[in-house]
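S.K.: Got a file for you: structure_22.csv, CSV, C-alpha atoms.
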chain,number,residue,atom,x,y,z
A,5,MET,CA,74.5,83.9,142.4
A,6,ARG,CA,75.4,86.8,140.0
A,7,ARG,CA,78.9,86.7,138.7
A,8,ALA,CA,81.1,89.8,138.9
A,9,LYS,CA,81.7,91.6,135.6
A,10,THR,CA,85.4,91.2,134.6
A,11,VAL,CA,85.5,92.9,131.2
A,12,ALA,CA,85.1,96.7,130.7
A,13,ASP,CA,83.0,98.2,128.0
A,14,GLU,CA,83.4,101.4,126.0
A,15,ALA,CA,80.8,103.3,128.0
A,16,GLU,CA,82.8,102.7,131.2
A,17,ILE,CA,86.0,103.8,129.5
A,18,LEU,CA,84.4,106.9,128.2
A,19,LYS,CA,83.0,107.8,131.6
A,20,ALA,CA,86.5,107.4,133.1
A,21,LEU,CA,88.0,109.6,130.4
A,22,GLU,CA,85.5,112.4,131.3
A,23,SER,CA,87.4,112.8,134.5
A,24,VAL,CA,90.6,113.8,132.7
A,25,SER,CA,91.0,117.5,132.0
A,26,GLY,CA,92.6,118.6,128.8
A,27,PRO,CA,94.1,122.0,127.7
A,28,GLY,CA,91.9,124.8,129.0
A,29,GLY,CA,90.4,122.7,131.8
A,30,LYS,CA,87.7,121.0,129.7
A,31,SER,CA,87.2,117.3,129.8
A,32,ILE,CA,89.2,115.6,127.0
A,33,VAL,CA,85.9,114.0,125.9
A,34,ALA,CA,84.1,117.4,125.7
A,35,ALA,CA,87.1,118.9,123.9
A,36,GLY,CA,87.0,116.2,121.2
A,37,LEU,CA,90.5,114.9,121.9
A,38,VAL,CA,89.4,111.2,122.1
A,39,SER,CA,89.3,109.9,118.6
A,40,GLY,CA,89.2,106.2,119.2
A,41,ILE,CA,88.4,103.6,121.8
A,42,ASN,CA,89.0,99.9,121.2
A,43,VAL,CA,88.5,97.3,124.0
A,44,SER,CA,89.9,93.8,123.6
A,45,GLY,CA,89.5,91.7,126.7
A,46,GLY,CA,91.4,93.3,129.4
A,47,LYS,CA,93.3,95.6,127.1
A,48,VAL,CA,92.1,99.1,126.1
A,49,PHE,CA,93.5,101.1,123.2
A,50,ILE,CA,92.9,104.8,123.3
A,51,SER,CA,93.6,107.3,120.5
A,52,LEU,CA,94.1,111.0,121.4
A,53,THR,CA,94.1,113.6,118.6
A,54,GLY,CA,95.6,117.0,119.1
A,55,ASP,CA,97.8,119.8,117.7
A,56,PRO,CA,101.3,118.4,116.9
A,57,ALA,CA,102.7,121.7,118.2
A,58,ARG,CA,101.5,120.7,121.7
A,59,ALA,CA,103.0,117.3,121.6
A,60,LYS,CA,104.7,117.7,125.0
A,61,GLU,CA,101.3,118.5,126.6
A,62,LEU,CA,99.7,115.5,124.9
A,63,GLU,CA,102.4,113.2,126.2
A,64,VAL,CA,101.7,114.3,129.8
A,65,LEU,CA,98.0,113.9,129.0
A,66,ALA,CA,98.5,110.4,127.8
A,67,VAL,CA,99.9,109.4,131.2
A,68,ALA,CA,96.8,110.8,132.9
A,69,VAL,CA,94.6,108.9,130.5
A,70,GLU,CA,96.4,105.7,131.1
A,71,GLY,CA,95.9,106.1,134.8
A,72,ALA,CA,92.2,106.9,134.6
A,73,VAL,CA,91.5,104.0,132.3
A,74,LYS,CA,93.3,101.5,134.6
A,75,THR,CA,90.9,102.4,137.4
A,76,VAL,CA,88.0,100.8,135.5
A,77,PRO,CA,87.3,97.3,136.7
A,78,GLY,CA,88.4,94.6,134.3
A,79,VAL,CA,91.1,96.7,132.6
A,80,GLU,CA,94.5,95.0,132.7
A,81,ALA,CA,96.4,97.4,130.4
A,82,ALA,CA,95.9,100.7,128.7
A,83,ILE,CA,97.7,101.6,125.5
A,84,VAL,CA,97.4,105.3,124.5
A,85,THR,CA,98.4,106.5,121.0
A,86,LEU,CA,98.8,110.2,120.0
A,87,THR,CA,97.7,111.1,116.6
A,88,ALA,CA,97.4,114.3,114.6
A,89,GLU,CA,94.8,115.0,111.9
A,90,LYS,CA,96.9,117.7,110.4
A,91,ALA,CA,100.7,117.7,110.2
A,92,PRO,CA,102.6,120.9,110.8
A,93,ALA,CA,103.0,123.1,107.8
A,94,ALA,CA,106.7,122.6,107.5
A,95,ALA,CA,106.3,118.8,107.6
A,96,ALA,CA,103.3,118.8,105.2
A,97,ALA,CA,105.0,121.0,102.6
A,98,ALA,CA,105.6,119.3,99.3
A,99,PRO,CA,109.3,118.5,98.5
A,100,PRO,CA,111.0,120.4,95.6
A,101,PRO,CA,110.4,118.9,92.2
A,102,GLY,CA,112.5,115.8,91.6
A,103,GLN,CA,113.2,115.3,95.3
A,104,ALA,CA,111.8,112.7,97.6
A,105,PRO,CA,110.1,113.7,100.9
A,106,GLN,CA,112.6,113.9,103.8
A,107,ARG,CA,112.7,110.6,105.8
A,108,ARG,CA,112.2,111.2,109.5
A,109,PRO,CA,112.8,107.9,111.4
A,110,ILE,CA,110.1,107.0,113.9
A,111,ALA,CA,112.7,106.0,116.4
A,112,ALA,CA,116.4,105.5,116.6
A,113,ILE,CA,117.0,101.8,116.0
A,114,GLU,CA,120.7,101.8,116.4
A,115,LYS,CA,121.3,98.1,116.8
A,116,ILE,CA,119.4,97.0,113.6
A,117,LYS,CA,121.7,96.9,110.6
A,118,TYR,CA,119.2,96.6,107.8
A,119,ILE,CA,115.4,97.1,107.8
A,120,VAL,CA,113.8,95.4,104.8
A,121,ALA,CA,110.2,96.1,103.7
A,122,VAL,CA,108.2,93.2,102.0
A,123,SER,CA,105.4,94.8,100.2
A,124,SER,CA,102.6,94.1,97.7
A,125,GLY,CA,100.3,96.3,95.7
A,126,LYS,CA,97.3,94.3,96.8
A,127,GLY,CA,96.4,91.6,99.3
A,128,GLY,CA,96.1,87.9,98.7
A,129,VAL,CA,99.4,87.4,96.8
A,130,GLY,CA,101.2,85.6,99.6
A,131,LYS,CA,103.2,88.5,101.0
A,132,SER,CA,103.1,87.4,104.6
A,133,THR,CA,104.2,83.8,103.8
A,134,THR,CA,107.0,85.2,101.7
A,135,SER,CA,108.0,87.6,104.6
A,136,ALA,CA,108.1,84.8,107.1
A,137,ASN,CA,110.1,82.4,105.0
A,138,LEU,CA,112.5,85.2,103.9
A,139,ALA,CA,113.2,86.0,107.5
A,140,LEU,CA,113.8,82.3,108.2
A,141,GLY,CA,116.0,82.1,105.2
A,142,LEU,CA,118.1,85.0,106.3
A,143,ALA,CA,118.4,83.3,109.8
A,144,ALA,CA,119.5,80.1,108.1
A,145,LEU,CA,122.3,82.0,106.5
A,146,GLY,CA,123.6,83.0,109.9
A,147,TRP,CA,122.0,86.4,110.4
A,148,ARG,CA,120.3,87.6,113.5
A,149,VAL,CA,116.8,88.4,112.3
A,150,GLY,CA,113.5,89.9,113.5
A,151,LEU,CA,110.1,90.2,111.8
A,152,LEU,CA,107.7,93.1,112.3
A,153,ASP,CA,104.1,92.3,111.3
A,154,ALA,CA,103.0,95.8,110.2
A,155,ASP,CA,99.6,94.8,109.0
A,156,ILE,CA,97.4,96.2,111.7
A,157,PHE,CA,94.1,95.2,110.1
A,158,GLY,CA,95.1,91.6,109.2
A,159,PRO,CA,98.1,90.4,111.3
A,160,SER,CA,99.4,87.0,110.2
A,161,ALA,CA,102.7,86.5,112.1
A,162,PRO,CA,101.1,84.9,115.3
A,163,ARG,CA,99.6,82.1,113.2
A,164,LEU,CA,102.5,81.8,110.8
A,165,PHE,CA,105.1,81.4,113.6
A,166,GLY,CA,102.9,79.2,115.8
A,167,LEU,CA,102.7,82.0,118.5
A,168,GLY,CA,98.9,82.4,118.6
A,169,GLY,CA,97.6,83.2,122.1
A,170,LYS,CA,101.0,84.2,123.5
A,171,LYS,CA,101.7,87.7,124.9
A,172,PRO,CA,104.9,89.6,124.9
A,173,ASP,CA,106.5,90.7,128.2
A,174,VAL,CA,107.2,94.3,129.1
A,175,VAL,CA,110.7,95.2,130.4
A,176,ASP,CA,111.7,98.8,131.1
A,177,ASN,CA,108.6,100.1,129.3
A,178,ARG,CA,109.5,98.2,126.1
A,179,LEU,CA,107.8,95.2,124.6
A,180,VAL,CA,110.0,92.1,124.4
A,181,PRO,CA,109.4,90.3,121.0
A,182,LEU,CA,108.4,86.7,121.0
A,183,GLU,CA,110.8,84.2,119.4
A,184,ALA,CA,110.2,81.3,117.1
A,185,TYR,CA,112.7,79.3,115.0
A,186,GLY,CA,115.4,81.7,115.9
A,187,VAL,CA,113.5,84.8,114.6
A,188,LYS,CA,112.2,87.6,116.9
A,189,VAL,CA,108.6,88.5,116.1
A,190,MET,CA,106.3,91.4,117.0
A,191,SER,CA,102.7,91.9,115.9
A,192,ILE,CA,99.6,93.8,117.0
A,193,GLY,CA,98.1,90.3,116.9
A,194,PHE,CA,99.9,89.5,120.2
A,195,LEU,CA,98.1,92.4,121.9
A,196,VAL,CA,94.6,91.9,120.4
A,197,ASP,CA,92.4,88.8,120.1
A,198,GLU,CA,92.4,87.2,116.6
A,199,ASP,CA,88.7,87.9,116.0
A,200,VAL,CA,88.7,91.5,117.2
A,201,PRO,CA,88.4,94.0,114.3
A,202,MET,CA,90.8,96.9,114.4
A,203,ILE,CA,88.5,99.8,113.5
A,204,TRP,CA,91.2,102.5,113.4
A,205,ARG,CA,91.8,105.6,111.3
A,206,GLY,CA,95.1,106.1,109.3
A,207,PRO,CA,96.8,108.4,111.9
A,208,MET,CA,96.1,105.9,114.7
A,209,VAL,CA,97.5,103.0,112.6
A,210,VAL,CA,100.7,105.0,111.8
A,211,GLN,CA,101.2,105.8,115.5
A,212,ALA,CA,100.7,102.2,116.5
A,213,LEU,CA,103.2,101.0,113.9
A,214,GLY,CA,105.7,103.5,115.2
A,215,GLN,CA,105.3,102.1,118.7
A,216,LEU,CA,105.6,98.5,117.5
A,217,LEU,CA,108.9,99.4,115.8
A,218,GLY,CA,110.4,101.9,118.1
A,219,GLU,CA,109.2,100.7,121.5
A,220,VAL,CA,110.2,97.1,121.2
A,221,ALA,CA,113.4,95.6,122.6
A,222,TRP,CA,114.7,94.3,119.3
A,223,GLY,CA,118.3,94.1,120.5
A,224,GLU,CA,121.1,93.6,118.0
A,225,LEU,CA,119.8,92.4,114.6
A,226,ASP,CA,121.4,92.0,111.2
A,227,ALA,CA,118.0,92.4,109.5
A,228,LEU,CA,114.5,93.3,110.5
A,229,VAL,CA,111.9,92.1,107.9
A,230,VAL,CA,108.8,94.3,107.9
A,231,ASP,CA,105.7,92.6,106.6
A,232,MET,CA,104.0,95.7,105.2
A,233,PRO,CA,100.3,96.2,104.9
A,234,PRO,CA,99.0,95.6,101.3
A,235,GLY,CA,98.5,98.5,99.0
A,236,THR,CA,100.1,101.9,98.4
A,237,GLY,CA,98.0,104.3,100.5
A,238,ASP,CA,98.8,106.8,103.2
A,239,VAL,CA,99.9,104.2,105.8
A,240,GLN,CA,102.3,102.5,103.5
A,241,LEU,CA,103.7,105.8,102.2
A,242,THR,CA,104.2,107.2,105.7
A,243,MET,CA,106.0,104.0,106.8
A,244,ALA,CA,108.3,104.2,103.8
A,245,GLN,CA,109.1,107.8,104.5
A,246,GLN,CA,109.6,107.6,108.3
A,247,VAL,CA,111.3,104.2,108.6
A,248,PRO,CA,115.0,104.0,107.6
A,249,LEU,CA,114.5,101.3,105.1
A,250,ALA,CA,117.6,99.6,103.5
A,251,GLY,CA,115.5,98.2,100.7
A,252,ALA,CA,112.2,96.7,99.6
A,253,VAL,CA,111.0,93.4,98.2
A,254,VAL,CA,107.8,93.5,96.2
A,255,VAL,CA,105.7,90.3,96.0
A,256,SER,CA,103.3,89.7,93.1
A,257,THR,CA,101.5,86.8,91.4
A,258,PRO,CA,102.0,86.5,87.6
A,259,GLN,CA,98.6,87.7,86.4
A,260,ASP,CA,98.1,91.2,84.9
A,261,LEU,CA,95.8,92.5,87.7
A,262,ALA,CA,98.3,91.8,90.4
A,263,LEU,CA,101.2,93.1,88.3
A,264,ILE,CA,99.5,96.5,87.9
A,265,ASP,CA,99.4,96.9,91.6
A,266,ALA,CA,103.0,95.6,92.0
A,267,ARG,CA,104.2,98.3,89.6
A,268,ARG,CA,102.5,100.9,91.8
A,269,GLY,CA,104.4,99.4,94.8
A,270,VAL,CA,107.7,99.7,93.0
A,271,ALA,CA,106.9,103.3,92.0
A,272,MET,CA,106.0,104.2,95.6
A,273,PHE,CA,109.3,103.0,97.0
A,274,GLN,CA,111.2,104.7,94.2
A,275,ARG,CA,109.4,107.9,95.0
A,276,VAL,CA,110.8,107.9,98.5
A,277,GLU,CA,114.2,106.7,97.3
A,278,THR,CA,114.1,103.3,98.9
A,279,PRO,CA,116.2,100.8,96.9
A,280,ILE,CA,114.2,98.0,95.2
A,281,LEU,CA,115.9,94.8,96.2
A,282,GLY,CA,113.8,92.8,93.8
A,283,ILE,CA,110.5,91.4,92.7
A,284,VAL,CA,109.2,87.9,93.7
A,285,GLU,CA,106.8,86.0,91.6
A,286,ASN,CA,104.6,84.0,94.0
A,287,MET,CA,102.2,81.3,93.0
A,288,SER,CA,104.2,81.2,89.8
A,289,TYR,CA,103.1,77.7,88.8
A,290,PHE,CA,101.4,74.6,90.1
A,291,LEU,CA,102.8,71.0,90.0
A,292,CYS,CA,100.2,68.3,90.4
A,293,PRO,CA,101.2,66.1,93.4
A,294,HIS,CA,99.6,63.1,91.6
A,295,CYS,CA,100.7,63.2,88.0
A,296,GLY,CA,103.5,65.8,88.2
A,297,GLY,CA,102.0,67.9,85.5
A,298,ARG,CA,102.5,71.6,85.5
A,299,THR,CA,99.7,74.2,85.3
A,300,ASP,CA,100.3,78.0,85.2
A,301,ILE,CA,97.1,78.8,87.1
A,302,PHE,CA,97.8,82.6,87.3
A,303,SER,CA,99.8,82.8,84.1
A,304,HIS,CA,103.6,82.7,84.3
A,305,GLY,CA,106.6,85.0,83.9
A,306,GLY,CA,104.8,88.3,84.3
A,307,ALA,CA,106.8,89.4,87.3
A,308,ARG,CA,110.1,88.6,85.6
A,309,GLN,CA,109.1,90.6,82.6
A,310,ASP,CA,108.0,93.6,84.7
A,311,ALA,CA,111.3,93.5,86.6
A,312,GLU,CA,113.2,93.6,83.4
A,313,ALA,CA,111.0,96.5,82.1
A,314,LEU,CA,111.4,98.4,85.3
A,315,GLY,CA,115.1,97.8,85.6
A,316,VAL,CA,114.9,96.1,89.0
A,317,PRO,CA,116.2,92.7,90.1
A,318,PHE,CA,114.1,89.6,89.7
A,319,LEU,CA,114.5,87.4,92.8
A,320,GLY,CA,112.8,84.2,91.7
A,321,GLU,CA,109.7,82.1,91.3
A,322,VAL,CA,107.8,80.5,94.2
A,323,PRO,CA,105.3,77.7,93.2
A,324,LEU,CA,101.8,77.3,94.4
A,325,ASP,CA,102.0,74.1,96.5
A,326,LEU,CA,100.0,72.5,99.2
A,327,ALA,CA,103.0,72.0,101.5
A,328,ILE,CA,103.7,75.7,101.6
A,329,ARG,CA,100.1,76.4,102.5
A,330,GLN,CA,99.8,73.7,105.1
A,331,THR,CA,103.0,74.5,106.9
A,332,SER,CA,102.1,78.2,107.0
A,333,ASP,CA,98.6,77.5,108.4
A,334,ALA,CA,100.2,75.1,111.0
A,335,GLY,CA,102.6,77.7,112.3
A,336,THR,CA,105.6,75.7,111.0
A,337,PRO,CA,106.8,77.6,107.9
A,338,VAL,CA,108.4,75.4,105.3
A,339,VAL,CA,112.0,76.8,105.8
A,340,ALA,CA,111.8,75.9,109.4
A,341,SER,CA,109.9,72.6,109.2
A,342,ASP,CA,111.7,71.2,106.1
A,343,PRO,CA,115.0,73.1,105.8
A,344,GLN,CA,116.5,70.6,103.4
A,345,GLY,CA,113.5,70.5,101.2
A,346,LYS,CA,113.0,71.9,97.7
A,347,PHE,CA,110.7,74.7,98.8
A,348,ALA,CA,113.0,75.8,101.6
A,349,ALA,CA,115.8,75.9,99.0
A,350,ILE,CA,113.8,78.4,96.9
A,351,TYR,CA,113.3,80.7,99.9
A,352,ILE,CA,116.9,80.4,101.0
A,353,GLU,CA,118.1,81.3,97.5
A,354,LEU,CA,115.8,84.3,97.6
A,355,ALA,CA,117.3,85.2,101.0
A,356,GLU,CA,120.8,84.9,99.6
A,357,LYS,CA,120.0,87.4,96.8
A,358,VAL,CA,118.5,89.8,99.3
A,359,LYS,CA,121.5,89.5,101.7
A,360,ALA,CA,123.9,90.0,98.8
A,361,ALA,CA,122.0,93.1,97.6
A,362,LEU,CA,122.0,94.6,101.0
A,363,GLU,CA,125.7,94.1,101.6
A,364,THR,CA,126.5,95.4,98.1
A,365,ARG,CA,124.4,98.5,98.3
A,366,THR,CA,125.8,99.6,101.7
A,367,ARG,CA,129.4,98.7,101.0
A,368,ARG,CA,131.6,101.8,101.3
A,369,ALA,CA,134.0,102.7,98.6
A,370,PRO,CA,137.6,102.0,99.4
A,371,PRO,CA,139.7,105.0,100.6
A,372,LYS,CA,141.8,106.8,98.0
A,373,ILE,CA,145.5,106.8,98.6
A,374,VAL,CA,147.1,110.1,97.6
A,375,ILE,CA,150.9,110.2,97.2
A,376,GLY,CA,152.0,113.8,97.3
Let me see the structure of the file written as structure tokens.

M.R.:
Amino acid sequence: MRRAKTVADEAEILKALESVSGPGGKSIVAAGLVSGINVSGGKVFISLTGDPARAKELEVLAVAVEGAVKTVPGVEAAIVTLTAEKAPAAAAAAPPPGQAPQRRPIAAIEKIKYIVAVSSGKGGVGKSTTSANLALGLAALGWRVGLLDADIFGPSAPRLFGLGGKKPDVVDNRLVPLEAYGVKVMSIGFLVDEDVPMIWRGPMVVQALGQLLGEVAWGELDALVVDMPPGTGDVQLTMAQQVPLAGAVVVSTPQDLALIDARRGVAMFQRVETPILGIVENMSYFLCPHCGGRTDIFSHGGARQDAEALGVPFLGEVPLDLAIRQTSDAGTPVVASDPQGKFAAIYIELAEKVKAALETRTRRAPPKIVIG
């Protein structure tokens, strides 16, 4: 007996989209408005590209697209993103010399006190592990904390927090973040299978990140830690410009090649007038678990020297240690699994410095008393 097909394919999705009429009455497929289709199990991600000046029309069109896609057998959910290949002239205009581009928040996130970006100039330096343990460290200090995994192409949060395979609920058209160890977590990895590649263009990625940030029921938070994608390209710059960041933490390893990229990361945040909360030197040294001998595998002290040269704070050194790697892979980050241990103490001290910097930078000047 032949089994019924339960998973849709791109050809079926495309055929369904041909039934949706766009501006002028033409099919949105024929009009070239469909810029991306990604099928992951029962979830379908559609990207529509159009003129930003017609955003209202596109929003209405997105509803029609969602309805058409849901008629395809095997589709459980349809997520439609609106992208623009070219920004309006006013938005794309370069800022006056010496001024940063105007920051336009993706969404009003009124109940989040501080949004902190954790960034690195390149991948492979331990940024996601640092982000997770920084978030847990802030939570250990009594703050209400969330973590947004903004790395669309390589999401790590589901594995780091032991939430692999779990899906967020949707309440009042908002995603409800999952929670682990007292931290609220959201990631594209909750919506797409781990082995499915995200073959998306820059505008689609930016739109998806905007939705993960602004269409999630974060609730009241003292801090939202954003695990940024590695690098300093268009996606990172757009996020830095559009998200109301309270500050940025830059992660690097000590060797010269990583530090070159870390300096670029610092320069990017300075360009958009985001305060640099500090630089972390990750994999700073290695202590042999057998003999106790120390080896500076990736050199040592380079991040501290760069922080001093750039005039930004140095937050501390995190060693390269098997326990940190094992707990991260197991979904039990070291701050959560061994909160009294020596490695947890390093991350909690890092969190204390970040917390103090945030509170100091945003502290208002006392009122002046005038006696007339």

S.K.: Mind checking which residues fall within 8 Å of segment 268-275 of chain A, counting only C-alpha atoms, ignoring those fewer than 6 positions away in the same chain, and posting them as a ChimeraX atom specification?

M.R.: /A:104,123-125,235-236,241,244,252,254

S.K.: Using only C-alpha atoms, determine which residues lie at most 8 Å from Pro172 of chain A, disregarding the query and same-chain residues fewer than 4 positions distant; provide the list as JSON, numbers by chain.

M.R.: {"A": [179, 180, 181, 182, 194, 195]}

S.K.: Which residues are near segment 18-27 of chain A? Cut-off 8 Å, all atoms listed in the file, ignore same chain within fewer than 4 positions. Put them as a PDB file with C-alpha atoms, in the coordinates of the input.

M.R.:
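See out21.pdb below for the written result:
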ATOM      1  CA  GLU A  14      83.400 101.400 126.000  1.00  0.00           C
ATOM      2  CA  SER A  31      87.200 117.300 129.800  1.00  0.00           C
ATOM      3  CA  ILE A  32      89.200 115.600 127.000  1.00  0.00           C
ATOM      4  CA  VAL A  33      85.900 114.000 125.900  1.00  0.00           C
ATOM      5  CA  ALA A  34      84.100 117.400 125.700  1.00  0.00           C
ATOM      6  CA  ALA A  35      87.100 118.900 123.900  1.00  0.00           C
ATOM      7  CA  LEU A  65      98.000 113.900 129.000  1.00  0.00           C
ATOM      8  CA  ALA A  68      96.800 110.800 132.900  1.00  0.00           C
ATOM      9  CA  VAL A  69      94.600 108.900 130.500  1.00  0.00           C
ATOM     10  CA  ALA A  72      92.200 106.900 134.600  1.00  0.00           C
ATOM     11  CA  VAL A  73      91.500 104.000 132.300  1.00  0.00           C
ATOM     12  CA  THR A  75      90.900 102.400 137.400  1.00  0.00           C
ATOM     13  CA  VAL A  76      88.000 100.800 135.500  1.00  0.00           C
TER      14      VAL A  76
END

S.K.: At what distance in Å, to one decimal, does atom CA of Val255 of chain A lie from atom CA of Leu314 of chain A?

M.R.: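 These atoms are spaced 14.6 Å apart.
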
S.K.: Would you mind listing what lies within 12 Å of Lys188 of chain A as a PyMOL selection string, with only C-alpha atoms counted and same-chain residues fewer than 6 positions away left out?

M.R.: chain A and resi 136+139-140+143+147-153+161-162+165+167+172+179-182+220-230

S.K.: Give the answer as one residue: which of A:Tyr351, A:Ser160, A:Leu142, A:Leu324 has the shortest atom-to-atom distance to Val120 of chain A, using only C-alpha atoms?

M.R.: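 The answer is A:Leu142, which sits nearest to Val120 of chain A.
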
S.K.: List the neighbours of Val43 of chain A out to 8 Å using only C-alpha atoms; skip same-chain residues closer than 4 positions along the sequence, and give me the result as a short mmCIF file (atom, residue, chain, number, x, y, z; two decimals) with C-alpha atoms, in the coordinates of the input.

M.R.:
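Output saved as selection_30.cif:
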data_model
loop_
_atom_site.label_atom_id
_atom_site.label_comp_id
_atom_site.auth_asym_id
_atom_site.auth_seq_id
_atom_site.Cartn_x
_atom_site.Cartn_y
_atom_site.Cartn_z
CA ALA A 12 85.10 96.70 130.70
CA ASP A 13 83.00 98.20 128.00
CA GLU A 14 83.40 101.40 126.00
CA LYS A 47 93.30 95.60 127.10
CA VAL A 48 92.10 99.10 126.10
CA PHE A 49 93.50 101.10 123.20
#

S.K.: Which distance in Å separates atom CA of Val339 of chain A and atom CA of Gly141 of chain A, to one decimal?

M.R.: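 About the pair atom CA of Val339 of chain A and atom CA of Gly141 of chain A: they are 6.7 Å apart.
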
S.K.: Measure the distance from atom CA of Gly127 of chain A to atom CA of Ser256 of chain A in Å and round it to one decimal.

M.R.: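 These two atoms are separated by 9.5 Å.
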
S.K.: Distance cut-off 8 Å, centre (102.0, 107.2, 123.7) in file coordinates, counting only C-alpha atoms: which residues qualify? Return them as a list of chain:residue names.

M.R.: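 Applying the cut-off with only C-alpha atoms, one gets A:Glu63, A:Ala66, A:Ile83, A:Val84, A:Thr85, A:Leu86, A:Gln215.
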
S.K.: Hey, which of A:Ser51, A:Leu138, A:Gly78, A:Arg163 ends up closest to Ala212 of chain A? Count only C-alpha atoms.

M.R.: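 Smallest distance to Ala212 of chain A is found for A:Ser51.
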
S.K.: Of the candidates A:Phe347, A:Phe157, A:Phe318, A:Phe290, which shows the shortest atom-to-atom distance to Phe302 of chain A, using only C-alpha atoms?

M.R.: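 Result for the nearest residue to Phe302 of chain A: A:Phe290.
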